[in-house]
Amino acid sequence: MQSQRDRNIVLKYTLGGFVIGLATVLLVLFLDFILRDLTWDQIWQAHLRNPVYIILDLAPLMLAFYGYLLSKRYAQTTASLNQTLSQEHDRINRVHSFVEELRKGNTDADYQLEDDDHLGSSILALRDELRKNQEEEAQRRKEDEQRHWVSEGLAKFGEILRQDTNDLEELSHKVISNLVKYCGVTQGALFIINGEEENDRHLEMTSCYAYDRHKFPDKRVEIGEGLLGSTVMEQETTYMTEVPQDYVNITSGLGRSTPNALLMVPLKVNDQVYGAIELADFNGLEQYVIEFVEKVAESVASTISNVKINAQTSRLLEESRKQAEELASKEEQMRQNMEELKATQEEAARQSERFILFSNAVSHTMIHAEYDPEGKLLYANTKFLNKLGYESTEEVKDQPISMFLDEKDREWFDQIWDNLSRGGKHFEGYMKHVTKRGNDLWTMSTYTPMRREDGSAEKILYLGLDTTDQKKQSLDYQAQIDALNKSTQKVELLPSGDVLQVNENFINLMEHTEDELKSKTIFDFVQHADMKHLREVWDKVSKGDIFEGQLRQVSKNGNELWLQVTLSPVRDIYDDIAKVVYVGHDITKSRKMEIETARQAEQLKEQEKELKKAQSDLTKKLEEAREEVKKRFRDMEKEKLRNERTLEGASDAIVTIDQNGIIKFFNKAAEELWQIERSMVLERNINKLFPDDRGQREEFIQRLLDPDKDKIVGERKEVNIVNSSNEEVPVIILLSMAKVGEETTYTAFIQNISVDLF
């Protein structure tokens, strides 16, 4: 077709050139005849004389030849263009088909590139970009779902940890039961470190949860012992996918099995470990789940830390209060004794006989000694010797007073003694002596100079009461209070709320100077919105109640602070509220994290609404598909019922078990064969039908009873069974297997081959 059209074009242009040339010759001849009035002879002579006429005569042939060449060139060019257009059309069709596949979402469609096919290269690049975007979108959606899951979980457990922080056992149960359910694992346990003594510190299981049932914990693990103990000692998360067979078993209705994955996370906060969480599952745990459990573990550790610190703080404050009351009582008693002693000393200066009588009475109740102005011991009563660990007066007589003092106390006491030796004012206060064995003896001491008439000191009288036990307790409590000052924010307040004392931690947190804080009340550190709540709390505390909870406060620079606070009232000897001790722990970071987590959770909920809206059409289709599946399921149930009734009427015994050996079908013939009702064996393990009374079984029966072994299927086997009357019955068993999806069932067709003898 193309060749014929090219020949027509060549012929058309050749004839056209010839006609144009002929017309030109005829026109020239016409002009010669008409205008110039020439004859044929004249025209012929002109042709002979002028070569132009010869060229003109050849014009038809020349133009015909030129038309031939021009048409030939045109035909070739046209053919080339048509071929190019055809190829381009084919390429455009292939590109269109490829783009249509991409529009439909088929990023696996392929396109064959040709030389210099820039458009194809661009579209292939577009396909790769679309495929990459789809993969990134899927990954982003997966990560969003994981973040949503983590955010909701952290908010959920944050709420659980805020609800109840007094009962560790109840808190442990709530944490581990919700953690097992939320993570979708099979079993979990929570361990908390107990033991006051360093050599008795151990892990105690406070809660265990598995298969939607709470287990009663009764397990103790030594720190450093086994996988869990090592995890706590190393303070690092342990995740295993190859669990030792004897480490942990998961018990269910199907028996006992070893999990395939084990996660152990220490309850650690601020490099301090308070216990561990252990999770076990038959499937592996993804990394985001492990990281989520680690975050939950940190929050649980922080809560346990606060519970223990608050308990210890309350106990120490109560002991300190009692000790302060006891010391105040003793100090009052001592003050009264000292006042009586001073009155007696003044009376003794006037009447020596009364002084001697008083001195003898004091020697029976108090530590009594006398020194000369140089500090040499002149006299010591029995209590002095006993308290300082000496057996006789000869050991201490004429010894300097420095013998009974610590070297660190001599410098300041030398100044006091210098004043006493000159007859100056008496000294009264707490003083530490050193016994013969080097032990400390704390006393409430009085050194009084016995003056001559000229006012100089004749000798120095020493009286003292032993307060060693009270002083040691006071120092111990002071050390514990100092430790609390270093780790917590501590404030002492009047019942009116005015600040008495603040520690360095509270000063740094509130960004005020100490003088600025002492001019404020507790109500100056909260916002107006929280004022009502604080006043309600303070009214209860000022009446003697202890408050434990969270308070939101504001620093000098307007920074919002969250503190876990304990407000403990302290009573004086008249049982009135003398002051309130404020002990707080800065939880601003974790509280802000909770608020941010709640905000992200709300944002994710909005995204979920959009996703639900986009999935409405899909839900409708799923409903239609669900109805279709229900219809098919009903048909299958009818077929199953028909098959079961058919098998029920069979003359041979038929028994069906699942892949775990649980009996699912037991017909009438099987009841007669084993002489047992089907209700006694259905949903029981097949071991019930084949007791190993003889100590050995045929290989066919062994494989049938063991869920982990391959069954002998499709072969008729003759074996002996034992019925409920303990009679052996020879039978032939043929085992068939059916697998639907992930479930496998085995059906045994059993023929009784015993012969009755008459």
# chains A, B, ... in the order shown; residues from 1 in each chain; ligands from 1
>>> residues_around(residues="Leu734 in chain A", least_positions_apart="6", cutoff="6 Å", atoms="only C-alpha atoms", output="PyMOL selection string")
chain A and resi 715-716+748-749
>>> residues_around(residues="range 559-570 of chain A", least_positions_apart="3", cutoff="7 Å", atoms="only C-alpha atoms", output="list in words")
Arg321, Val541, Ser542, Gly544, Ile546, Phe547, Glu548, Gly549, Gln550, Leu551, Arg552, Gln553, Val554, Ser555, Ile577, Ala578, Lys579, Val580, Val581, Tyr582, Val583, Gly584, His585, Asp586, Ile587, Thr588 and Arg591 of chain A
>>> write_last_selection(atoms="N, CA and C atoms", output="PDB file, in the first residue's frame")
ATOM      1  N   ARG A 321      10.667  13.042 115.262  1.00  0.00           N
ATOM      2  CA  ARG A 321       9.743  13.779 116.126  1.00  0.00           C
ATOM      3  C   ARG A 321       9.745  13.216 117.545  1.00  0.00           C
ATOM      4  N   VAL A 541      -3.422  19.372 106.728  1.00  0.00           N
ATOM      5  CA  VAL A 541      -2.083  19.193 107.315  1.00  0.00           C
ATOM      6  C   VAL A 541      -1.969  19.960 108.615  1.00  0.00           C
ATOM      7  N   SER A 542      -2.492  21.191 108.660  1.00  0.00           N
ATOM      8  CA  SER A 542      -2.391  22.011 109.874  1.00  0.00           C
ATOM      9  C   SER A 542      -3.199  21.429 111.032  1.00  0.00           C
ATOM     10  N   GLY A 544      -3.076  18.113 111.542  1.00  0.00           N
ATOM     11  CA  GLY A 544      -2.349  16.918 111.952  1.00  0.00           C
ATOM     12  C   GLY A 544      -2.292  15.809 110.930  1.00  0.00           C
ATOM     13  N   ILE A 546      -1.182  13.888 107.430  1.00  0.00           N
ATOM     14  CA  ILE A 546      -0.022  13.851 106.528  1.00  0.00           C
ATOM     15  C   ILE A 546      -0.534  13.826 105.091  1.00  0.00           C
ATOM     16  N   PHE A 547       0.034  14.660 104.241  1.00  0.00           N
ATOM     17  CA  PHE A 547      -0.361  14.700 102.819  1.00  0.00           C
ATOM     18  C   PHE A 547       0.766  14.137 101.958  1.00  0.00           C
ATOM     19  N   GLU A 548       0.404  13.250 101.039  1.00  0.00           N
ATOM     20  CA  GLU A 548       1.334  12.720 100.034  1.00  0.00           C
ATOM     21  C   GLU A 548       0.666  12.848  98.668  1.00  0.00           C
ATOM     22  N   GLY A 549       1.325  13.517  97.751  1.00  0.00           N
ATOM     23  CA  GLY A 549       0.751  13.684  96.417  1.00  0.00           C
ATOM     24  C   GLY A 549       1.582  14.643  95.591  1.00  0.00           C
ATOM     25  N   GLN A 550       1.026  15.053  94.464  1.00  0.00           N
ATOM     26  CA  GLN A 550       1.724  15.923  93.521  1.00  0.00           C
ATOM     27  C   GLN A 550       1.218  17.354  93.656  1.00  0.00           C
ATOM     28  N   LEU A 551       2.164  18.326  93.583  1.00  0.00           N
ATOM     29  CA  LEU A 551       1.826  19.741  93.607  1.00  0.00           C
ATOM     30  C   LEU A 551       2.495  20.424  92.423  1.00  0.00           C
ATOM     31  N   ARG A 552       1.755  21.314  91.777  1.00  0.00           N
ATOM     32  CA  ARG A 552       2.333  22.115  90.698  1.00  0.00           C
ATOM     33  C   ARG A 552       2.729  23.460  91.265  1.00  0.00           C
ATOM     34  N   GLN A 553       4.009  23.850  91.084  1.00  0.00           N
ATOM     35  CA  GLN A 553       4.514  25.088  91.630  1.00  0.00           C
ATOM     36  C   GLN A 553       5.215  25.893  90.530  1.00  0.00           C
ATOM     37  N   VAL A 554       5.538  27.161  90.854  1.00  0.00           N
ATOM     38  CA  VAL A 554       6.130  28.066  89.870  1.00  0.00           C
ATOM     39  C   VAL A 554       7.390  28.668  90.460  1.00  0.00           C
ATOM     40  N   SER A 555       8.485  28.654  89.677  1.00  0.00           N
ATOM     41  CA  SER A 555       9.742  29.229  90.140  1.00  0.00           C
ATOM     42  C   SER A 555       9.735  30.742  89.978  1.00  0.00           C
ATOM     43  N   ILE A 577       0.751  21.621 116.855  1.00  0.00           N
ATOM     44  CA  ILE A 577       1.527  21.620 115.612  1.00  0.00           C
ATOM     45  C   ILE A 577       2.542  22.752 115.678  1.00  0.00           C
ATOM     46  N   ALA A 578       3.827  22.394 115.799  1.00  0.00           N
ATOM     47  CA  ALA A 578       4.878  23.402 115.890  1.00  0.00           C
ATOM     48  C   ALA A 578       5.339  23.846 114.508  1.00  0.00           C
ATOM     49  N   LYS A 579       5.423  22.918 113.571  1.00  0.00           N
ATOM     50  CA  LYS A 579       5.853  23.234 112.208  1.00  0.00           C
ATOM     51  C   LYS A 579       5.421  22.109 111.284  1.00  0.00           C
ATOM     52  N   VAL A 580       5.587  22.345 109.994  1.00  0.00           N
ATOM     53  CA  VAL A 580       5.269  21.351 108.967  1.00  0.00           C
ATOM     54  C   VAL A 580       6.521  21.145 108.114  1.00  0.00           C
ATOM     55  N   VAL A 581       6.918  19.879 107.959  1.00  0.00           N
ATOM     56  CA  VAL A 581       8.099  19.552 107.150  1.00  0.00           C
ATOM     57  C   VAL A 581       7.633  19.174 105.743  1.00  0.00           C
ATOM     58  N   TYR A 582       8.167  19.888 104.757  1.00  0.00           N
ATOM     59  CA  TYR A 582       7.839  19.701 103.327  1.00  0.00           C
ATOM     60  C   TYR A 582       9.016  18.959 102.686  1.00  0.00           C
ATOM     61  N   VAL A 583       8.770  17.741 102.177  1.00  0.00           N
ATOM     62  CA  VAL A 583       9.799  16.962 101.470  1.00  0.00           C
ATOM     63  C   VAL A 583       9.276  16.693 100.058  1.00  0.00           C
ATOM     64  N   GLY A 584      10.029  17.113  99.058  1.00  0.00           N
ATOM     65  CA  GLY A 584       9.556  16.981  97.679  1.00  0.00           C
ATOM     66  C   GLY A 584      10.605  16.365  96.766  1.00  0.00           C
ATOM     67  N   HIS A 585      10.120  15.758  95.685  1.00  0.00           N
ATOM     68  CA  HIS A 585      10.974  15.196  94.624  1.00  0.00           C
ATOM     69  C   HIS A 585      10.538  15.820  93.306  1.00  0.00           C
ATOM     70  N   ASP A 586      11.480  16.339  92.575  1.00  0.00           N
ATOM     71  CA  ASP A 586      11.177  17.000  91.291  1.00  0.00           C
ATOM     72  C   ASP A 586      10.804  15.952  90.245  1.00  0.00           C
ATOM     73  N   ILE A 587       9.520  15.991  89.818  1.00  0.00           N
ATOM     74  CA  ILE A 587       9.047  15.064  88.770  1.00  0.00           C
ATOM     75  C   ILE A 587       8.585  15.854  87.552  1.00  0.00           C
ATOM     76  N   THR A 588       9.136  17.074  87.376  1.00  0.00           N
ATOM     77  CA  THR A 588       8.698  17.936  86.272  1.00  0.00           C
ATOM     78  C   THR A 588       8.895  17.258  84.927  1.00  0.00           C
ATOM     79  N   ARG A 591       6.399  14.462  84.402  1.00  0.00           N
ATOM     80  CA  ARG A 591       5.039  14.993  84.302  1.00  0.00           C
ATOM     81  C   ARG A 591       4.814  15.653  82.943  1.00  0.00           C
TER      82      ARG A 591
END
>>> residues_around(residues="range 445-457 of chain A", least_positions_apart="5", cutoff="8 Å", atoms="only C-alpha atoms", output="PyMOL selection string")
chain A and resi 349+373+420-431+462-465
>>> atom_distance(atom1="CA of Lys342 in chain A", atom2="CA of Thr382 in chain A")
22.3 Å
>>> select_by_dssp(residues="range 370-614 of chain A", states="strand (DSSP E or B)", output="number ranges by chain")
A: 370-371, 376-380, 400, 427-434, 440-451, 457-466, 489-493, 498-502, 521, 547-554, 560-571, 577-586
>>> closest_atom_pairs(of="range 167-195 of chain A", to="range 146-159 of chain A", cutoff="9 Å", atoms="only C-alpha atoms", output="tab-separated table")
residue	atom	partner	partner_atom	distance
A:Val175	CA	A:Phe157	CA	7.3
A:Asn178	CA	A:Phe157	CA	8.2
A:Leu179	CA	A:Phe157	CA	8.4
A:Tyr182	CA	A:Gly153	CA	7.4
>>> write_last_selection(atoms="C-alpha atoms", output="PDB file, in the first residue's frame")
ATOM      1  CA  VAL A 175       1.200  -3.189  86.315  1.00  0.00           C
ATOM      2  CA  ASN A 178      -2.055  -4.738  82.184  1.00  0.00           C
ATOM      3  CA  LEU A 179       1.442  -5.053  80.680  1.00  0.00           C
ATOM      4  CA  TYR A 182      -1.287  -4.677  76.371  1.00  0.00           C
TER       5      TYR A 182
END
>>> closest_residue(among="A:Gln323, A:Gln603, A:Ser314, A:Asn667", to="Ala653 in chain A", atoms="only C-alpha atoms")
A:Asn667
>>> residues_around(residues="Val731 in chain A", least_positions_apart="5", cutoff="12 Å", atoms="only C-alpha atoms", output="PyMOL selection string")
chain A and resi 652-653+670+673-674+716-723+748-755
>>> residues_around(residues="range 9-14 of chain A", least_positions_apart="3", cutoff="6 Å", atoms="only C-alpha atoms", output="PyMOL selection string")
chain A and resi 6+17+64+67-68+71-72
>>> write_last_selection(atoms="C-alpha atoms", output="PDB file, in the first residue's frame")
ATOM      1  CA  ASP A   6       4.808   6.375  -3.526  1.00  0.00           C
ATOM      2  CA  GLY A  17       6.608  18.704 -14.634  1.00  0.00           C
ATOM      3  CA  ALA A  64       9.474  16.026 -16.050  1.00  0.00           C
ATOM      4  CA  GLY A  67       9.517  16.380 -11.031  1.00  0.00           C
ATOM      5  CA  TYR A  68      10.593  12.742 -10.996  1.00  0.00           C
ATOM      6  CA  SER A  71       8.785  13.255  -6.086  1.00  0.00           C
ATOM      7  CA  LYS A  72      11.242  10.447  -5.480  1.00  0.00           C
TER       8      LYS A  72
END
